[in-house]
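The next block is structure-v4.tsv, given as TSV, C-alpha atoms and all ligand atoms.
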```
chain	number	residue	atom	x	y	z
A	286	MET	CA	53.63	-14.08	-22.40
A	287	SER	CA	55.67	-11.22	-20.97
A	288	PHE	CA	54.22	-8.96	-23.64
A	289	PHE	CA	50.75	-9.76	-22.43
A	290	SER	CA	51.47	-9.34	-18.76
A	291	LYS	CA	53.14	-5.98	-19.48
A	292	SER	CA	50.29	-4.68	-21.53
A	293	LEU	CA	47.62	-6.03	-19.21
A	294	LYS	CA	49.09	-4.61	-16.04
A	295	PRO	CA	48.05	-0.94	-16.50
A	296	LEU	CA	44.57	-2.08	-17.42
A	297	PHE	CA	44.39	-4.22	-14.31
A	298	ILE	CA	45.48	-1.34	-12.10
A	299	ALA	CA	42.98	0.98	-13.72
A	300	THR	CA	40.23	-1.58	-13.18
A	301	SER	CA	41.02	-2.15	-9.52
A	302	LEU	CA	41.19	1.60	-8.91
A	303	PHE	CA	37.80	1.96	-10.48
A	304	SER	CA	36.23	-0.83	-8.46
A	305	LEU	CA	37.84	0.57	-5.33
A	306	SER	CA	36.25	3.96	-5.78
A	307	LEU	CA	32.99	2.27	-6.75
A	308	SER	CA	32.91	0.17	-3.60
A	309	ALA	CA	33.71	3.25	-1.54
A	310	LEU	CA	30.70	4.92	-3.09
A	311	VAL	CA	28.47	1.93	-2.41
A	312	THR	CA	29.68	1.74	1.18
A	313	ALA	CA	28.98	5.42	1.70
A	314	HIS	CA	25.51	4.95	0.31
A	315	ALA	CA	24.81	1.85	2.39
A	316	SER	CA	25.75	3.54	5.64
A	317	GLU	CA	22.89	5.98	5.13
A	318	HIS	CA	20.54	3.09	5.66
A	319	GLU	CA	21.55	2.13	9.17
A	320	ASN	CA	23.51	-0.82	7.93
A	321	LYS	CA	25.44	-1.79	11.03
A	322	HIS	CA	25.40	-5.55	10.73
A	323	GLN	CA	26.97	-5.78	7.32
A	324	SER	CA	29.12	-8.84	6.89
A	325	LYS	CA	30.90	-10.15	3.82
A	326	GLU	CA	29.98	-13.69	4.81
A	327	HIS	CA	26.35	-14.10	3.93
A	328	PRO	CA	24.47	-16.84	2.16
A	329	LYS	CA	24.14	-16.59	-1.60
A	330	GLY	CA	21.14	-14.53	-2.56
A	331	ALA	CA	20.88	-12.79	0.79
A	332	ASN	CA	21.24	-9.06	0.94
A	333	THR	CA	22.52	-7.83	4.27
A	334	GLN	CA	21.19	-4.39	3.55
A	335	THR	CA	17.55	-5.37	3.21
A	336	GLY	CA	17.69	-8.64	5.14
A	337	VAL	CA	15.35	-10.01	2.52
A	338	MET	CA	16.07	-13.01	0.32
A	339	VAL	CA	14.44	-13.80	-3.01
A	340	MET	CA	13.66	-17.51	-3.33
A	341	GLY	CA	12.46	-19.54	-6.31
A	342	GLY	CA	11.89	-16.51	-8.47
A	343	TYR	CA	11.06	-16.58	-12.16
A	344	ALA	CA	9.24	-14.63	-14.83
A	345	ARG	CA	6.66	-16.37	-16.96
A	346	ALA	CA	7.67	-16.58	-20.62
A	347	THR	CA	5.42	-14.67	-23.02
A	348	PHE	CA	5.03	-14.51	-26.77
A	349	ALA	CA	7.30	-11.98	-28.46
A	350	LEU	CA	4.73	-9.22	-28.86
A	351	ALA	CA	3.27	-9.48	-25.36
A	352	LYS	CA	3.08	-6.14	-23.58
A	353	THR	CA	2.65	-7.50	-20.05
A	354	GLY	CA	4.41	-10.22	-18.10
A	355	ALA	CA	4.26	-11.66	-14.59
A	356	VAL	CA	7.06	-12.38	-12.13
A	357	TYR	CA	6.74	-14.72	-9.15
A	358	PHE	CA	8.95	-15.38	-6.14
A	359	THR	CA	8.98	-15.89	-2.41
A	360	LEU	CA	10.44	-13.14	-0.27
A	361	HIS	CA	11.98	-14.20	3.00
A	362	ASN	CA	12.58	-11.51	5.59
A	363	ASN	CA	15.69	-12.80	7.39
A	364	SER	CA	16.00	-9.74	9.55
A	365	ASP	CA	14.51	-9.04	12.96
A	366	ARG	CA	12.58	-6.03	11.69
A	367	ASP	CA	9.31	-5.93	9.80
A	368	THR	CA	9.65	-4.52	6.33
A	369	LYS	CA	7.50	-3.78	3.35
A	370	LEU	CA	8.06	-4.20	-0.36
A	371	THR	CA	6.98	-0.77	-1.56
A	372	SER	CA	7.89	-0.77	-5.24
A	373	VAL	CA	9.79	-2.58	-7.96
A	374	SER	CA	11.80	-0.99	-10.71
A	375	VAL	CA	12.98	-2.39	-14.04
A	376	SER	CA	15.33	-1.24	-16.74
A	377	SER	CA	13.48	0.66	-19.47
A	378	ASN	CA	15.10	-1.78	-21.93
A	379	LEU	CA	12.92	-4.49	-20.46
A	380	ALA	CA	9.65	-2.78	-19.64
A	381	SER	CA	8.27	0.66	-18.98
A	382	GLU	CA	7.05	-0.17	-15.47
A	383	ALA	CA	6.79	-2.85	-12.81
A	384	GLN	CA	3.79	-2.93	-10.47
A	385	ILE	CA	2.93	-5.01	-7.43
A	386	HIS	CA	-0.36	-6.78	-8.16
A	387	THR	CA	-2.76	-9.09	-6.44
A	388	THR	CA	-5.55	-11.18	-7.91
A	389	VAL	CA	-9.06	-10.82	-6.54
A	390	MET	CA	-12.41	-12.38	-7.37
A	391	GLU	CA	-14.97	-9.81	-8.36
A	392	ALA	CA	-18.42	-11.01	-9.46
A	393	ASP	CA	-16.99	-14.40	-10.47
A	394	MET	CA	-14.20	-12.77	-12.42
A	395	MET	CA	-10.52	-12.95	-11.62
A	396	LYS	CA	-9.20	-9.43	-11.63
A	397	MET	CA	-5.82	-7.96	-10.94
A	398	ARG	CA	-5.39	-5.00	-8.70
A	399	GLU	CA	-2.32	-2.93	-8.00
A	400	LEU	CA	-1.14	-3.00	-4.38
A	401	THR	CA	-0.12	0.64	-4.15
A	402	GLU	CA	0.40	0.37	-0.40
A	403	GLY	CA	3.01	-2.38	-0.91
A	404	VAL	CA	3.31	-5.80	0.71
A	405	GLU	CA	4.34	-6.21	4.33
A	406	ILE	CA	6.85	-8.92	5.22
A	407	LYS	CA	7.09	-9.39	8.96
A	408	ALA	CA	10.41	-10.19	10.62
A	409	GLY	CA	11.39	-13.80	9.98
A	410	GLU	CA	8.42	-14.44	7.71
A	411	MET	CA	7.93	-15.32	4.07
A	412	VAL	CA	5.50	-13.90	1.56
A	413	SER	CA	4.89	-15.66	-1.71
A	414	PHE	CA	4.02	-14.21	-5.05
A	415	GLU	CA	2.50	-16.98	-7.15
A	416	PRO	CA	0.13	-17.61	-10.06
A	417	GLY	CA	-3.43	-16.72	-9.04
A	418	GLY	CA	-2.24	-14.43	-6.26
A	419	ARG	CA	0.26	-11.70	-5.74
A	420	HIS	CA	2.69	-11.08	-8.57
A	421	ILE	CA	4.94	-8.45	-10.04
A	422	MET	CA	3.43	-7.19	-13.27
A	423	LEU	CA	5.72	-5.92	-15.96
A	424	MET	CA	3.90	-3.33	-18.05
A	425	GLY	CA	4.98	-2.16	-21.48
A	426	LEU	CA	7.42	-4.97	-22.27
A	427	SER	CA	9.75	-4.01	-25.09
A	428	ASN	CA	10.41	-7.50	-26.48
A	429	GLY	CA	8.25	-9.92	-24.56
A	430	LEU	CA	9.90	-12.42	-22.21
A	431	GLU	CA	11.77	-15.23	-23.90
A	432	ALA	CA	12.15	-18.58	-22.12
A	433	GLY	CA	15.80	-19.16	-21.23
A	434	SER	CA	16.64	-15.46	-20.87
A	435	GLU	CA	17.02	-13.53	-17.63
A	436	ILE	CA	15.53	-10.36	-16.23
A	437	THR	CA	16.73	-8.05	-13.49
A	438	LEU	CA	14.43	-6.33	-11.04
A	439	THR	CA	15.20	-3.94	-8.23
A	440	LEU	CA	12.99	-4.40	-5.18
A	441	VAL	CA	12.56	-1.31	-3.02
A	442	PHE	CA	11.65	-1.64	0.66
A	443	SER	CA	10.04	0.72	3.17
A	444	ASP	CA	13.39	1.69	4.72
A	445	SER	CA	14.39	2.68	1.15
A	446	SER	CA	16.89	-0.16	0.94
A	447	GLU	CA	17.07	-1.88	-2.43
A	448	LEU	CA	17.60	-5.46	-3.52
A	449	LYS	CA	18.61	-6.22	-7.07
A	450	THR	CA	17.66	-9.68	-8.26
A	451	THR	CA	18.21	-11.52	-11.54
A	452	LEU	CA	15.61	-14.14	-12.35
A	453	PRO	CA	15.21	-16.72	-15.12
A	454	VAL	CA	12.39	-16.56	-17.66
A	455	LYS	CA	10.61	-19.90	-17.74
A	456	LYS	CA	7.63	-21.53	-19.29
A	457	GLU	CA	5.11	-22.34	-16.59
A	458	ALA	CA	5.32	-26.05	-15.66
A	459	GLY	CA	2.33	-27.79	-17.21
A	460	GLU	CA	1.18	-24.56	-18.76
A	461	VAL	CA	-2.17	-24.85	-20.46
A	462	HIS	CA	-2.47	-22.93	-23.68
A	463	HIS	CA	-5.91	-21.51	-23.84
A	464	HIS	CA	-6.84	-18.23	-25.36
A	465	HIS	CA	-9.56	-15.85	-24.43
B	1	CU	CU	-1.06	-8.26	-12.78
```

I need this file expressed as structure tokens, please.
Ligand SMILES: [Cu+2]
Amino acid sequence: MSFFSKSLKPLFIATSLFSLSLSALVTAHASEHENKHQSKEHPKGANTQTGVMVMGGYARATFALAKTGAVYFTLHNNSDRDTKLTSVSVSSNLASEAQIHTTVMEADMMKMRELTEGVEIKAGEMVSFEPGGRHIMLMGLSNGLEAGSEITLTLVFSDSSELKTTLPVKKEAGEVHHHH
């Protein structure tokens, strides 16, 4: 026991030093974004930097060789300032790109269109991304999206604040398997 505590101690100190300098870095970065109301006590899932919460998010499971995937969630702007989701980034291990899409009817055809201007979320309001409507499209998936796994996205807002979110990959409830 004493052997372990002796040998673990230097490692522990090294780790806490590292996290200390890391948190100092993060704090320095956060202060650039006019982050005056930061509090350690915030509800799970809330990000005090963006003021936006991700609710009920998931990615739809795909077959292993699928190159595109869709992610859905509801964004709740808990702050008193309007904001805009301007872009989404993903690790290149997961996909080559993430785009903000909407679905539109064009000559009786459902088509997806990229929302290059982003999606506005007014202060105190919620915007949902759901099947048949807005969604985050993952392009160039490396391994498809396996049910039961998780993906991480970074949402970027108009004030250049970022919100990292980890979401489950799920089969759509009552998913109908029809092929085109
Ligand atoms: Cu799409």

Seminar exercise, completed: What separates CA of Thr335 in chain A and CA of Leu448 in chain A is a distance of 6.7 Å

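Nearest residue to ligand CU 1 (chain B) among A:Val375, A:Ile385, A:Leu426, A:Ala346 is A:Ile385, counting all atoms listed in the file.
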
For this session: Check every protein, DNA and RNA residue against ligand CU 1 (chain B), keep those with an atom at most 9 Å away (counting all atoms listed in the file), and present them as a ChimeraX atom specification.
Result: /A:353-355,384-388,396-399,419-424

For this session: Give the answer as one residue: which of A:Val389, A:Phe414, A:Met394, A:Met340 has the shortest atom-to-atom distance to Asn363 in chain A, using only C-alpha atoms?
Result: A:Met340

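Taking all atoms listed in the file into account, Val454 in chain A lies nearest to A:Gly341 out of the set A:Gly341, A:Gly418, A:Gly336, A:Gly409.
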
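Of the listed residues A:Gly403, A:Gly342, A:Gly425, A:Pro416, the one whose atoms come nearest to Ser377 in chain A is A:Gly425, with distances taken using all atoms listed in the file.
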
For this session: Would you mind listing what lies within 7 Å of range 441-447 of chain A as JSON, numbers by chain, with only C-alpha atoms counted and same-chain residues fewer than 5 positions away left out?
Result: {"A": [318, 334, 335, 368, 369, 370, 371, 372, 373]}

For this session: Find the distance between CA of Ala344 in chain A and CA of Lys407 in chain A and write it in Å to one decimal.
Result: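 Taking CA of Ala344 in chain A and CA of Lys407 in chain A, their separation equals 24.5 Å.
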
Exercise. A:Leu400, A:Val412, A:Val337, A:Ile436: which is nearest Asn362 in chain A, counting only C-alpha atoms?
Worked result: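 Ranked by minimum distance to Asn362 in chain A, first place goes to A:Val337.
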
Exercise. How many Å lie between CA of Asn428 in chain A and CA of Leu379 in chain A, rounded to one decimal?
Worked result: 7.2 Å

For this session: For a cut-off of 10 Å around (15.9, -14.7, -10.9), file coordinates, pick out all residues using all atoms listed in the file and list them as a ChimeraX atom specification.
Result: /A:330,339-344,356-358,435-438,449-454

Using 8 Å of padding on each side, determine the axis-aligned box around all atoms of range 391-397 of chain A present in the file and give its centre and edge lengths in Å to one decimal, as lines of an AutoDock Vina configuration file.
```
center_x = -12.1
center_y = -11.2
center_z = -10.4
size_x = 28.6
size_y = 22.4
size_z = 20.1
```
